[in-house]
>>> print(open('start-v1.txt').read())   # compact mmCIF, C-alpha atoms
# COMPACT_ATOMS: atom_id res chain seq x y z
CA MET Z 1 -7.49 16.91 13.61
CA LYS Z 2 -6.37 17.75 10.09
CA ARG Z 3 -3.95 15.37 8.41
CA GLU Z 4 -0.98 17.69 8.90
CA THR Z 5 -1.57 17.71 12.65
CA ILE Z 6 -2.16 13.95 12.77
CA CYS Z 7 1.29 13.43 11.19
CA ILE Z 8 2.88 15.23 14.14
CA GLN Z 9 0.60 14.66 17.11
CA SER Z 10 -1.17 11.34 16.70
CA GLY Z 11 -0.15 7.91 17.94
CA TRP Z 12 2.03 8.41 21.00
CA LYS Z 13 0.22 10.30 23.78
CA PRO Z 14 2.66 10.85 26.67
CA THR Z 15 1.32 11.45 30.16
CA LYS Z 16 3.05 13.18 33.07
CA GLY Z 17 6.74 12.33 33.25
CA GLU Z 18 6.78 10.22 30.09
CA PRO Z 19 9.11 10.93 27.14
CA ARG Z 20 7.75 13.42 24.61
CA VAL Z 21 9.21 11.43 21.70
CA LEU Z 22 7.82 7.96 20.95
CA PRO Z 23 10.02 5.45 22.84
CA ILE Z 24 11.43 2.31 21.27
CA TYR Z 25 10.11 -0.62 23.28
CA GLN Z 26 13.00 -2.86 22.29
CA SER Z 27 11.79 -5.89 24.21
CA THR Z 28 10.51 -9.24 23.07
CA THR Z 29 8.39 -9.75 26.16
CA PHE Z 30 6.48 -7.96 28.94
CA LYS Z 31 6.14 -8.77 32.65
CA TYR Z 32 2.98 -9.48 34.65
CA ASP Z 33 2.45 -10.04 38.35
CA THR Z 34 0.19 -13.09 38.26
CA SER Z 35 -0.42 -16.10 36.07
CA GLU Z 36 -4.09 -15.13 35.84
CA GLN Z 37 -3.19 -11.74 34.33
CA MET Z 38 -1.12 -13.41 31.65
CA GLY Z 39 -3.79 -16.02 31.00
CA ARG Z 40 -6.45 -13.40 30.35
CA LEU Z 41 -4.24 -11.89 27.65
CA PHE Z 42 -3.94 -15.24 25.89
CA ASP Z 43 -7.72 -15.64 26.07
CA LEU Z 44 -8.20 -12.18 24.52
CA GLU Z 45 -10.14 -11.20 27.63
CA ASP Z 46 -7.80 -8.29 28.45
CA SER Z 47 -5.83 -5.98 26.19
CA GLY Z 48 -2.13 -5.59 26.80
CA TYR Z 49 1.33 -6.67 25.73
CA PHE Z 50 3.01 -9.98 26.33
CA TYR Z 51 5.08 -10.78 23.23
CA THR Z 52 6.23 -8.43 20.48
CA ARG Z 53 5.37 -10.86 17.67
CA LEU Z 54 1.74 -10.02 18.34
CA GLN Z 55 1.83 -6.46 19.65
CA ASN Z 56 4.34 -3.84 20.79
CA PRO Z 57 3.66 -0.34 22.18
CA THR Z 58 5.95 1.37 19.64
CA ASN Z 59 4.29 -0.43 16.74
CA ASP Z 60 0.80 0.23 18.04
CA ALA Z 61 1.42 3.96 18.37
CA VAL Z 62 2.60 4.17 14.76
CA ALA Z 63 -0.27 1.97 13.53
CA GLN Z 64 -2.70 4.30 15.31
CA LYS Z 65 -1.21 7.31 13.52
CA ILE Z 66 -1.60 5.63 10.12
CA CYS Z 67 -5.12 4.58 11.09
CA GLU Z 68 -6.09 8.17 11.89
CA LEU Z 69 -4.47 9.45 8.69
CA GLU Z 70 -6.62 7.04 6.66
CA GLY Z 71 -9.75 7.62 8.75
CA GLY Z 72 -10.06 3.99 9.81
CA VAL Z 73 -11.04 2.24 13.03
CA ALA Z 74 -8.08 -0.12 13.51
CA ALA Z 75 -4.67 -0.80 11.98
CA MET Z 76 -1.61 -3.00 12.29
CA LEU Z 77 1.99 -2.89 11.10
CA THR Z 78 3.68 -5.70 9.19
CA SER Z 79 7.26 -6.45 8.22
CA SER Z 80 6.74 -5.34 4.60
CA GLY Z 81 4.16 -4.15 2.12
CA GLN Z 82 4.06 -7.66 0.68
CA ALA Z 83 3.21 -9.06 4.10
CA ALA Z 84 0.47 -6.43 4.46
CA ASN Z 85 -1.14 -7.42 1.15
CA TYR Z 86 -0.83 -11.11 1.99
CA TYR Z 87 -2.39 -10.74 5.43
CA ALA Z 88 -5.13 -8.44 4.13
CA VAL Z 89 -6.28 -11.11 1.68
CA PHE Z 90 -5.50 -14.26 3.67
CA ASN Z 91 -7.42 -12.88 6.64
CA ILE Z 92 -10.66 -13.51 4.73
CA CYS Z 93 -9.66 -16.05 2.05
CA GLU Z 94 -8.83 -19.71 2.46
CA ALA Z 95 -8.39 -22.75 0.23
CA GLY Z 96 -11.24 -22.97 -2.26
CA ASP Z 97 -11.88 -19.23 -2.32
CA HIS Z 98 -11.54 -16.75 -5.16
CA LEU Z 99 -10.63 -13.06 -5.51
CA VAL Z 100 -10.74 -10.41 -8.22
CA MET Z 101 -7.68 -8.26 -8.86
CA SER Z 102 -6.81 -5.28 -11.05
CA SER Z 103 -4.30 -6.31 -13.71
CA THR Z 104 -2.05 -3.28 -13.18
CA VAL Z 105 -1.06 -3.89 -9.56
CA TYR Z 106 2.59 -3.97 -8.54
CA GLY Z 107 4.46 -6.98 -9.95
CA GLY Z 108 5.15 -8.44 -6.52
CA THR Z 109 1.46 -8.29 -5.63
CA PHE Z 110 0.57 -9.81 -9.00
CA ASN Z 111 2.88 -12.77 -8.31
CA LEU Z 112 1.62 -13.15 -4.75
CA LEU Z 113 -2.04 -13.35 -5.72
CA THR Z 114 -1.81 -15.21 -9.02
CA CYS Z 115 1.03 -17.65 -8.30
CA THR Z 116 1.88 -18.11 -4.63
CA MET Z 117 -1.67 -18.00 -3.27
CA LYS Z 118 -2.77 -20.26 -6.11
CA LYS Z 119 -0.57 -22.94 -4.50
CA MET Z 120 -2.61 -22.39 -1.33
CA GLY Z 121 -5.85 -23.11 -3.16
CA ILE Z 122 -6.94 -19.48 -3.63
CA SER Z 123 -7.74 -18.57 -7.23
CA CYS Z 124 -7.62 -15.13 -8.81
CA THR Z 125 -9.30 -13.50 -11.79
CA VAL Z 126 -7.42 -10.54 -13.27
CA VAL Z 127 -9.48 -7.63 -14.61
CA ASP Z 128 -8.72 -4.49 -16.57
CA PRO Z 129 -8.98 -1.50 -14.19
CA ASP Z 130 -10.69 0.42 -16.98
CA ALA Z 131 -13.29 -2.29 -17.52
CA SER Z 132 -16.98 -1.42 -17.45
CA GLU Z 133 -19.13 -2.45 -14.50
CA GLU Z 134 -20.68 -5.16 -16.65
CA GLU Z 135 -17.24 -6.58 -17.45
CA LEU Z 136 -16.21 -6.42 -13.78
CA ASN Z 137 -19.39 -8.19 -12.72
CA ALA Z 138 -18.54 -11.07 -15.04
CA ALA Z 139 -15.33 -11.76 -13.08
CA PHE Z 140 -17.15 -12.67 -9.86
CA ARG Z 141 -17.96 -16.18 -8.71
CA PRO Z 142 -20.04 -17.54 -5.82
CA ASN Z 143 -16.79 -18.11 -3.87
CA THR Z 144 -15.32 -14.63 -4.48
CA LYS Z 145 -14.24 -13.06 -1.17
CA CYS Z 146 -12.62 -9.72 -2.07
CA VAL Z 147 -11.45 -7.29 -4.75
CA VAL Z 148 -7.85 -6.02 -4.77
CA ALA Z 149 -6.56 -2.90 -6.55
CA GLU Z 150 -4.23 0.10 -6.18
CA THR Z 151 -5.12 3.79 -5.93
CA ILE Z 152 -2.28 4.57 -8.34
CA ALA Z 153 -0.82 1.49 -10.00
CA ASN Z 154 2.90 0.84 -9.66
CA PRO Z 155 4.45 1.43 -12.18
CA ALA Z 156 1.65 1.79 -14.75
CA LEU Z 157 0.25 4.87 -12.92
CA VAL Z 158 -3.31 3.86 -13.70
CA VAL Z 159 -5.66 5.87 -11.47
CA LEU Z 160 -8.38 3.61 -10.16
CA ASP Z 161 -12.03 4.60 -10.28
CA ILE Z 162 -12.46 3.70 -6.62
CA GLU Z 163 -16.19 4.36 -6.49
CA LYS Z 164 -16.83 2.06 -9.47
CA PHE Z 165 -14.80 -0.79 -7.97
CA ALA Z 166 -16.39 -0.31 -4.56
CA ARG Z 167 -19.87 -0.31 -6.06
CA VAL Z 168 -19.24 -3.57 -7.91
CA ALA Z 169 -17.54 -5.24 -4.94
CA HIS Z 170 -20.39 -4.35 -2.60
CA ALA Z 171 -22.98 -5.53 -5.11
CA HIS Z 172 -21.34 -8.94 -4.80
CA GLU Z 173 -21.18 -8.68 -0.98
CA VAL Z 174 -17.38 -8.52 -0.72
CA PRO Z 175 -14.92 -5.83 0.47
CA LEU Z 176 -12.66 -3.68 -1.68
CA ILE Z 177 -9.00 -3.77 -0.62
CA ILE Z 178 -6.97 -0.82 -1.88
CA ASP Z 179 -3.18 -0.44 -1.82
CA ASN Z 180 -2.77 3.30 -1.20
CA THR Z 181 1.04 3.37 -1.17
CA PHE Z 182 1.66 5.86 -3.98
CA ALA Z 183 -1.04 8.40 -3.15
CA THR Z 184 -0.67 8.14 0.65
CA PRO Z 185 -3.51 9.43 2.84
CA ILE Z 186 -2.15 12.94 2.32
CA ASN Z 187 -3.42 12.90 -1.27
CA CYS Z 188 -6.21 10.32 -1.15
CA ARG Z 189 -8.25 8.53 1.51
CA PRO Z 190 -9.93 5.58 -0.25
CA PHE Z 191 -12.40 5.01 2.60
CA GLU Z 192 -14.11 8.26 1.63
CA PHE Z 193 -14.91 6.71 -1.76
CA GLY Z 194 -16.16 3.33 -0.59
CA ALA Z 195 -13.03 1.22 -0.08
CA ASP Z 196 -13.15 -1.08 2.95
CA ILE Z 197 -9.53 -1.99 3.70
CA VAL Z 198 -6.35 -0.09 2.85
CA THR Z 199 -2.81 -1.45 2.70
CA HIS Z 200 0.53 0.32 2.47
CA SER Z 201 4.11 -0.42 1.76
CA THR Z 202 5.33 1.98 4.45
CA THR Z 203 8.77 1.45 2.89
CA LYS Z 204 7.85 4.11 0.33
CA TYR Z 205 6.60 7.66 0.99
CA MET Z 206 5.58 7.04 4.60
CA ASP Z 207 9.14 6.18 5.58
CA GLY Z 208 10.38 8.61 2.97
CA HIS Z 209 14.09 8.04 3.38
CA ALA Z 210 14.69 4.46 2.18
CA MET Z 211 15.66 3.34 5.68
CA CYS Z 212 13.19 0.62 6.65
CA VAL Z 213 11.04 -1.99 4.94
CA GLY Z 214 7.54 -2.16 6.39
CA GLY Z 215 3.82 -2.43 5.73
CA ALA Z 216 0.47 -1.51 7.24
CA ILE Z 217 -3.17 -2.61 7.05
CA VAL Z 218 -6.04 -0.28 7.97
CA ASP Z 219 -9.67 -1.32 8.35
CA SER Z 220 -12.42 1.23 7.72
CA GLY Z 221 -14.81 -0.61 10.00
CA ASN Z 222 -17.53 -0.09 7.39
CA PHE Z 223 -17.87 -3.59 5.95
CA ASP Z 224 -20.43 -5.63 7.88
CA TRP Z 225 -18.85 -9.09 8.01
CA SER Z 226 -21.62 -10.45 10.23
CA LYS Z 227 -24.13 -9.80 7.46
CA TYR Z 228 -22.48 -12.58 5.43
CA PRO Z 229 -21.51 -15.28 7.95
CA ASP Z 230 -21.39 -18.05 5.36
CA LYS Z 231 -19.04 -16.04 3.16
CA PHE Z 232 -16.66 -15.03 5.97
CA PRO Z 233 -16.62 -17.93 8.47
CA GLY Z 234 -13.18 -17.00 9.79
CA LEU Z 235 -14.64 -13.83 11.27
CA CYS Z 236 -18.17 -15.01 12.00
CA THR Z 237 -17.78 -18.53 13.43
CA PRO Z 238 -15.86 -19.74 16.51
CA ASP Z 239 -12.06 -19.76 16.32
CA GLU Z 240 -11.08 -22.97 18.08
CA SER Z 241 -7.48 -21.75 18.41
CA TYR Z 242 -8.82 -19.04 20.76
CA HIS Z 243 -11.33 -21.06 22.80
CA GLY Z 244 -14.18 -20.53 20.37
CA ILE Z 245 -14.09 -16.74 20.14
CA VAL Z 246 -16.26 -15.24 17.37
CA TYR Z 247 -14.38 -12.12 16.29
CA THR Z 248 -17.37 -10.18 14.99
CA GLU Z 249 -19.32 -10.79 18.19
CA LYS Z 250 -16.51 -9.99 20.60
CA PHE Z 251 -14.70 -7.16 18.81
CA GLY Z 252 -17.30 -5.52 16.57
CA LYS Z 253 -15.67 -3.07 14.17
CA GLY Z 254 -12.27 -4.23 15.41
CA ALA Z 255 -12.88 -7.83 14.34
CA TYR Z 256 -10.85 -7.80 11.11
CA ILE Z 257 -7.64 -6.34 12.57
CA THR Z 258 -7.96 -8.32 15.79
CA LYS Z 259 -8.15 -11.56 13.82
CA ALA Z 260 -5.20 -10.55 11.61
CA THR Z 261 -3.12 -9.73 14.67
CA SER Z 262 -4.07 -12.51 17.06
CA GLN Z 263 -4.31 -15.28 14.47
CA LEU Z 264 -2.19 -14.51 11.39
CA MET Z 265 0.61 -12.63 13.14
CA ARG Z 266 0.62 -15.28 15.86
CA ASP Z 267 1.11 -18.06 13.31
CA LEU Z 268 3.05 -16.38 10.48
CA GLY Z 269 5.00 -13.74 12.41
CA SER Z 270 5.71 -10.99 9.85
CA ILE Z 271 5.99 -8.32 12.53
CA GLN Z 272 7.67 -4.96 12.01
CA SER Z 273 10.56 -4.40 14.42
CA PRO Z 274 10.08 -1.64 17.02
CA MET Z 275 13.19 0.14 15.71
CA ASN Z 276 11.75 0.20 12.19
CA ALA Z 277 8.42 1.44 13.55
CA PHE Z 278 10.24 4.23 15.39
CA LEU Z 279 12.02 5.32 12.20
CA LEU Z 280 8.76 5.06 10.25
CA ASN Z 281 7.18 7.44 12.74
CA VAL Z 282 9.96 9.97 12.12
CA GLY Z 283 9.15 9.77 8.41
CA LEU Z 284 5.43 10.17 9.02
CA GLU Z 285 6.04 13.43 10.87
CA THR Z 286 7.11 15.09 7.60
CA LEU Z 287 4.84 13.19 5.18
CA HIS Z 288 2.51 16.19 4.84
CA LEU Z 289 5.47 18.38 3.87
CA ARG Z 290 7.19 15.97 1.51
CA MET Z 291 4.21 14.86 -0.57
CA PRO Z 292 3.37 18.34 -1.96
CA CYS Z 293 7.05 18.79 -2.86
CA HIS Z 294 7.22 15.39 -4.60
CA CYS Z 295 4.09 16.24 -6.58
CA ALA Z 296 5.17 19.77 -7.53
CA ASN Z 297 8.58 18.53 -8.70
CA ALA Z 298 7.06 15.62 -10.61
CA GLN Z 299 4.63 17.94 -12.38
CA LYS Z 300 7.49 20.14 -13.66
CA VAL Z 301 9.58 17.13 -14.67
CA ALA Z 302 6.63 15.56 -16.50
CA GLU Z 303 6.04 18.81 -18.41
CA PHE Z 304 9.75 18.95 -19.33
CA LEU Z 305 9.71 15.36 -20.60
CA GLU Z 306 6.48 15.85 -22.54
CA ALA Z 307 8.08 18.72 -24.45
CA HIS Z 308 11.39 16.91 -25.15
CA GLU Z 309 11.93 15.85 -28.76
CA LYS Z 310 13.64 12.57 -27.83
CA VAL Z 311 10.89 11.45 -25.49
CA ALA Z 312 8.32 9.15 -27.13
CA TRP Z 313 5.66 9.32 -24.42
CA VAL Z 314 5.07 10.42 -20.84
CA ASN Z 315 2.61 8.99 -18.33
CA TYR Z 316 1.79 11.18 -15.33
CA PRO Z 317 -1.72 11.77 -13.94
CA GLY Z 318 -1.01 15.47 -13.43
CA LEU Z 319 -0.67 16.14 -17.17
CA LYS Z 320 -3.86 17.36 -18.84
CA SER Z 321 -3.06 15.11 -21.78
CA ASN Z 322 -3.08 12.06 -19.51
CA LYS Z 323 -5.80 9.46 -19.83
CA TYR Z 324 -6.40 9.53 -16.07
CA TYR Z 325 -6.23 13.28 -15.52
CA GLU Z 326 -9.94 13.64 -14.72
CA LEU Z 327 -9.95 10.68 -12.33
CA ALA Z 328 -6.85 12.08 -10.64
CA GLN Z 329 -8.58 15.43 -10.22
CA LYS Z 330 -11.58 13.67 -8.70
CA TYR Z 331 -9.76 11.46 -6.22
CA MET Z 332 -6.50 13.40 -5.72
CA PRO Z 333 -7.12 17.10 -6.43
CA LYS Z 334 -4.07 18.18 -4.42
CA GLY Z 335 -1.68 15.93 -6.34
CA SER Z 336 -1.13 12.26 -7.10
CA CYS Z 337 2.43 11.14 -6.42
CA GLY Z 338 6.04 11.79 -7.41
CA VAL Z 339 6.36 8.85 -9.81
CA ILE Z 340 6.47 9.32 -13.59
CA SER Z 341 6.81 6.72 -16.34
CA PHE Z 342 8.09 7.56 -19.80
CA GLY Z 343 9.81 6.08 -22.83
CA LEU Z 344 12.43 7.31 -25.26
CA LYS Z 345 12.16 7.20 -29.05
CA GLY Z 346 15.21 4.92 -29.10
CA GLY Z 347 13.27 2.23 -27.21
CA ARG Z 348 14.65 -0.24 -24.68
CA GLU Z 349 18.31 0.30 -25.63
CA ALA Z 350 18.03 4.07 -25.35
CA ALA Z 351 16.38 3.67 -21.95
CA SER Z 352 19.31 1.64 -20.64
CA ASN Z 353 21.85 4.06 -22.10
CA MET Z 354 20.07 7.07 -20.61
CA MET Z 355 19.86 5.53 -17.16
CA ASP Z 356 23.59 4.79 -17.19
CA LYS Z 357 24.33 8.48 -17.87
CA LEU Z 358 22.38 9.86 -14.93
CA GLN Z 359 24.45 11.50 -12.21
CA LEU Z 360 21.93 12.79 -9.65
CA ALA Z 361 19.26 10.12 -10.08
CA ALA Z 362 20.27 6.64 -8.95
CA ILE Z 363 19.35 3.29 -10.47
CA VAL Z 364 17.77 1.44 -7.55
CA THR Z 365 14.96 -1.05 -6.95
CA HIS Z 366 13.38 1.37 -4.53
CA VAL Z 367 10.84 4.07 -5.32
CA ALA Z 368 9.15 6.97 -3.52
CA ASP Z 369 11.75 8.37 -1.18
CA ALA Z 370 13.40 11.78 -0.81
CA ARG Z 371 16.05 11.05 -3.45
CA THR Z 372 15.34 10.91 -7.16
CA CYS Z 373 15.72 7.38 -8.47
CA VAL Z 374 15.03 5.44 -11.65
CA LEU Z 375 14.23 1.88 -12.71
CA HIS Z 376 13.50 -0.13 -15.85
CA PRO Z 377 10.69 -2.46 -14.65
CA ALA Z 378 10.82 -4.85 -17.63
CA SER Z 379 14.43 -5.62 -16.71
CA HIS Z 380 14.05 -5.44 -12.96
CA THR Z 381 10.85 -5.60 -10.86
CA HIS Z 382 8.68 -7.18 -13.59
CA ARG Z 383 11.31 -9.34 -15.30
CA GLN Z 384 9.39 -12.51 -14.34
CA MET Z 385 6.61 -11.48 -16.77
CA ASN Z 386 6.59 -12.24 -20.48
CA ASP Z 387 5.82 -9.50 -23.02
CA GLU Z 388 2.12 -10.30 -23.07
CA GLN Z 389 1.90 -10.08 -19.28
CA LEU Z 390 3.92 -6.87 -19.30
CA VAL Z 391 1.45 -5.24 -21.66
CA GLU Z 392 -1.48 -6.51 -19.58
CA ALA Z 393 0.13 -5.01 -16.48
CA GLY Z 394 0.62 -1.68 -18.25
CA VAL Z 395 4.40 -2.03 -18.33
CA ALA Z 396 5.77 -1.39 -21.82
CA PRO Z 397 9.23 -2.85 -22.56
CA ASP Z 398 10.66 0.67 -22.91
CA LEU Z 399 8.99 2.02 -19.76
CA ILE Z 400 11.28 3.96 -17.43
CA ARG Z 401 9.97 4.51 -13.91
CA LEU Z 402 11.23 7.80 -12.55
CA SER Z 403 10.65 8.56 -8.88
CA VAL Z 404 11.09 12.31 -8.52
CA GLY Z 405 12.62 13.32 -5.20
CA ILE Z 406 12.52 16.53 -3.22
CA GLU Z 407 15.82 17.97 -4.47
CA ASN Z 408 15.76 21.26 -6.35
CA VAL Z 409 13.69 20.53 -9.43
CA GLU Z 410 16.07 22.47 -11.72
CA ASP Z 411 18.87 20.10 -10.75
CA ILE Z 412 16.65 17.07 -11.44
CA ILE Z 413 15.69 18.36 -14.87
CA ALA Z 414 19.30 19.25 -15.73
CA ASP Z 415 20.41 15.72 -14.89
CA LEU Z 416 17.67 14.21 -17.07
CA ALA Z 417 18.45 16.61 -19.92
CA GLN Z 418 22.12 15.68 -20.11
CA ALA Z 419 21.41 11.95 -19.81
CA ILE Z 420 18.74 11.97 -22.54
CA GLU Z 421 21.05 13.93 -24.82
CA LYS Z 422 23.77 11.26 -24.43
CA ALA Z 423 21.41 8.28 -24.78
>>> encode(input="start-v1.txt", output="C-alpha cells")
Amino acid sequence: MKRETICIQSGWKPTKGEPRVLPIYQSTTFKYDTSEQMGRLFDLEDSGYFYTRLQNPTNDAVAQKICELEGGVAAMLTSSGQAANYYAVFNICEAGDHLVMSSTVYGGTFNLLTCTMKKMGISCTVVDPDASEEELNAAFRPNTKCVVAETIANPALVVLDIEKFARVAHAHEVPLIIDNTFATPINCRPFEFGADIVTHSTTKYMDGHAMCVGGAIVDSGNFDWSKYPDKFPGLCTPDESYHGIVYTEKFGKGAYITKATSQLMRDLGSIQSPMNAFLLNVGLETLHLRMPCHCANAQKVAEFLEAHEKVAWVNYPGLKSNKYYELAQKYMPKGSCGVISFGLKGGREAASNMMDKLQLAAIVTHVADARTCVLHPASHTHRQMNDEQLVEAGVAPDLIRLSVGIENVEDIIADLAQAIEKA
C-alpha cells in the first residue's frame, strides 16, 4: 500500500463483528485459562498479552502502522521521544561502550547521550554532520556500537547525508540510528538510504495536535547482528533473565525490537498509555494530508522572511539559497518539514521583542503541530548549553525557531509582518 493508504488502513484489522475504529484496550492485565498458558508467555514461547507495561493491543496496532509507514519489520511505542532514543541506544550499548553522534541533534538528545549516558559508562564522540568520510572515520573506536543522527536537525535544520553516514557506520560494522521526527515517513524513509533503526518523537507531526507525548522505534531488519556476536552480546548471547534465550537465534529479524520490549520495557517501563496510542492513531490518519500543507506554508513563509529587510538570515531547506537545498531535494523531494529558523538584524533582543508581539503564533516549548508556534532555543530548549556548545549545535543566540502550522498562510505571514515591524 502507498503511504497515504497506510495512514488510514494499516494497524488495526477488524474481523467480523469487531469495531471498525481501533479500540482502546484500557486494561493493565489480560486473562488466561491455565497457568501453563501464562507461563509460556513469560518464557517468550507464545505471543500474546499479559501486562500492558510490555505490550498492549492498542499500542501494537499503532506501532504496526508506524512500522509500515517507515518500511520496517518491527516497531514499538514508548512514553516519549526521549525514551525512544534512550531505548534505541541502550538496547545495544552498555557500560564500557562508545557511540558516535551528530553534533546538531536536538538538545535533549545531546544531553542524554553526552551527559546522562556518560554516567552509565557509555561514552560519546560528537561529530560535525558535514564532516568528510575521513573525518567521520576518525571518530570511531574499537568499542563503538552505533551512530546517532537526525534526518533534519532540530532546530538547526541541518539535512543529513544519510547515505554517507550509513556507509561509514557499516564500514565500522555498526548500525545507523536516525531520528526521523521532523521529516516523518511521509517525506523521507531513511531505511531506503541505508539507515538501520529509526526513532520518532510521535509527540510532533505524527500526533499533530499537541495532545500526547510519545515515541516510537522502528527496526529495518537489515542489520545482521549475528554477524558481529562479540560486538553485540546482548542480542547474540544467552539472556539469563529469560532462561538463556538468544534473541537473534529465536526471533531473527525481530530480535532487536523483541529485546527492547521484553527486556528494556520490562525493567524500565517507559510505556505509552493506550489512550495516548489511540489519539496518536487519530493523528496518523491525517499525517499524509497535513505534511504537504505544513511544507507548502513553510515555503511561502520562508520566502517572505528571506525578502524582509529586517530579517538577518533565514534557514529553511526548501530555499534554493539554503546550504542543504540539494540534499533536501535528494532525500525529501516532496518537502522537508514545516519548521523554519531565522534571525533578526536586531539580534537576541529583537527576537524576544518580536515574539512578544505575535498574536496568532504562540510561544510554546512544543513544535510541529497544526498550530503555528515559536521558540527561542538559546533561552529555552538549549539554555543548558554555553555559547560555544550552541554554535557547535547549530543554534545561534539569535535563532528563532518557527513551526509553521496549517492555518491560512496569509494569516501567518500577516502576523509575522506586524510583529517584526514592532520589534
>>> atom_distance(input="start-v1.txt", atom1="atom CA of Z:Tyr316", atom2="atom CA of Z:Val158")
9.1 Å
>>> closest_atom_pairs(input="start-v1.txt", of="stretch 54-130 of chain Z", to="stretch 266-270 of chain Z", cutoff="8 Å", atoms="all atoms listed in the file", output="tab-separated table")
residue	atom	partner	partner_atom	distance
Z:Leu54	CA	Z:Arg266	CA	5.9
Z:Thr78	CA	Z:Ser270	CA	5.7
Z:Ser79	CA	Z:Ser270	CA	5.1
Z:Ser80	CA	Z:Ser270	CA	7.8
Z:Ala83	CA	Z:Ser270	CA	6.6
>>> residues_around(input="start-v1.txt", residues="Z:Leu280", least_positions_apart="5", cutoff="8 Å", atoms="only C-alpha atoms", output="ChimeraX atom specification")
/Z:62,202,206-207,212
>>> residues_around(input="start-v1.txt", residues="Z:Leu375", least_positions_apart="6", cutoff="6 Å", atoms="all atoms listed in the file", output="list in words")
Ile363, Ile400 and Arg401 of chain Z
>>> closest_residue(input="start-v1.txt", among="Z:Arg53, Z:His200, Z:Arg141, Z:Lys227", to="Z:Phe182", atoms="all atoms listed in the file")
Z:His200
>>> residues_around(input="start-v1.txt", residues="stretch 101-110 of chain Z", least_positions_apart="6", cutoff="7 Å", atoms="all atoms listed in the file", output="short mmCIF file (atom, residue, chain, number, x, y, z; two decimals) with C-alpha atoms, in the coordinates of the input")
data_model
loop_
_atom_site.label_atom_id
_atom_site.label_comp_id
_atom_site.auth_asym_id
_atom_site.auth_seq_id
_atom_site.Cartn_x
_atom_site.Cartn_y
_atom_site.Cartn_z
CA GLN Z 82 4.06 -7.66 0.68
CA CYS Z 124 -7.62 -15.13 -8.81
CA THR Z 125 -9.30 -13.50 -11.79
CA VAL Z 126 -7.42 -10.54 -13.27
CA VAL Z 127 -9.48 -7.63 -14.61
CA ASP Z 128 -8.72 -4.49 -16.57
CA PRO Z 129 -8.98 -1.50 -14.19
CA VAL Z 147 -11.45 -7.29 -4.75
CA VAL Z 148 -7.85 -6.02 -4.77
CA ALA Z 149 -6.56 -2.90 -6.55
CA GLU Z 150 -4.23 0.10 -6.18
CA ALA Z 153 -0.82 1.49 -10.00
CA ASN Z 154 2.90 0.84 -9.66
CA PRO Z 155 4.45 1.43 -12.18
CA ALA Z 156 1.65 1.79 -14.75
CA THR Z 381 10.85 -5.60 -10.86
CA HIS Z 382 8.68 -7.18 -13.59
CA GLU Z 392 -1.48 -6.51 -19.58
CA ALA Z 393 0.13 -5.01 -16.48
CA GLY Z 394 0.62 -1.68 -18.25
#
>>> closest_residue(input="start-v1.txt", among="Z:Asn222, Z:Asn180, Z:Thr34, Z:Asn143", to="Z:Thr199", atoms="all atoms listed in the file")
Z:Asn180
>>> closest_residue(input="start-v1.txt", among="Z:Asn59, Z:Ser403, Z:Ser132, Z:Ser201", to="Z:Asp161", atoms="only C-alpha atoms")
Z:Ser132
>>> atom_distance(input="start-v1.txt", atom1="atom CA of Z:Asp411", atom2="atom CA of Z:Asp398")
24.3 Å
>>> closest_residue(input="start-v1.txt", among="Z:Lys323, Z:Lys65, Z:His288, Z:Lys422", to="Z:Gly11", atoms="only C-alpha atoms")
Z:Lys65
>>> atom_distance(input="start-v1.txt", atom1="atom CA of Z:Met265", atom2="atom CA of Z:Leu284")
23.7 Å
>>> residues_near_point(input="start-v1.txt", point="(-7.5, 4.2, 2.2)", cutoff="12 Å", atoms="all atoms listed in the file", output="ChimeraX atom specification")
/Z:66-73,75,149-152,162,176-200,216-221,331
>>> closest_residue(input="start-v1.txt", among="Z:Ile406, Z:Ala61, Z:Ala378, Z:Met38", to="Z:Cys337", atoms="all atoms listed in the file")
Z:Ile406
>>> closest_residue(input="start-v1.txt", among="Z:Val89, Z:Ile257, Z:Val395, Z:Ile340", to="Z:Met76", atoms="only C-alpha atoms")
Z:Ile257
>>> residues_around(input="start-v1.txt", residues="Z:Ala423", least_positions_apart="3", cutoff="6 Å", atoms="all atoms listed in the file", output="number ranges by chain")
Z: 350, 353-354, 420
>>> residues_around(input="start-v1.txt", residues="Z:Pro23", least_positions_apart="3", cutoff="10 Å", atoms="only C-alpha atoms", output="ChimeraX atom specification")
/Z:12,14,18-20,26,57-58,61,274-275,278
>>> write_last_selection(input="start-v1.txt", atoms="C-alpha atoms", output="short mmCIF file (atom, residue, chain, number, x, y, z; two decimals), keeping the file's coordinate frame")
data_model
loop_
_atom_site.label_atom_id
_atom_site.label_comp_id
_atom_site.auth_asym_id
_atom_site.auth_seq_id
_atom_site.Cartn_x
_atom_site.Cartn_y
_atom_site.Cartn_z
CA TRP Z 12 2.03 8.41 21.00
CA PRO Z 14 2.66 10.85 26.67
CA GLU Z 18 6.78 10.22 30.09
CA PRO Z 19 9.11 10.93 27.14
CA ARG Z 20 7.75 13.42 24.61
CA GLN Z 26 13.00 -2.86 22.29
CA PRO Z 57 3.66 -0.34 22.18
CA THR Z 58 5.95 1.37 19.64
CA ALA Z 61 1.42 3.96 18.37
CA PRO Z 274 10.08 -1.64 17.02
CA MET Z 275 13.19 0.14 15.71
CA PHE Z 278 10.24 4.23 15.39
#
>>> build_atoms(input="start-v1.txt", residues="stretch 205-209 of chain Z", atoms="N, CA and C atoms", output="CSV table (one decimal), in the coordinates of the input")
chain,number,residue,atom,x,y,z
Z,205,TYR,N,6.7,6.3,0.6
Z,205,TYR,CA,6.6,7.7,1.0
Z,205,TYR,C,6.5,7.8,2.5
Z,206,MET,N,5.8,6.9,3.2
Z,206,MET,CA,5.6,7.0,4.6
Z,206,MET,C,6.9,7.1,5.3
Z,207,ASP,N,7.8,6.1,5.0
Z,207,ASP,CA,9.1,6.2,5.6
Z,207,ASP,C,9.9,7.4,5.0
Z,208,GLY,N,9.9,7.4,3.7
Z,208,GLY,CA,10.4,8.6,3.0
Z,208,GLY,C,11.9,8.7,2.8
Z,209,HIS,N,12.6,7.9,3.4
Z,209,HIS,CA,14.1,8.0,3.4
Z,209,HIS,C,14.8,6.7,3.1
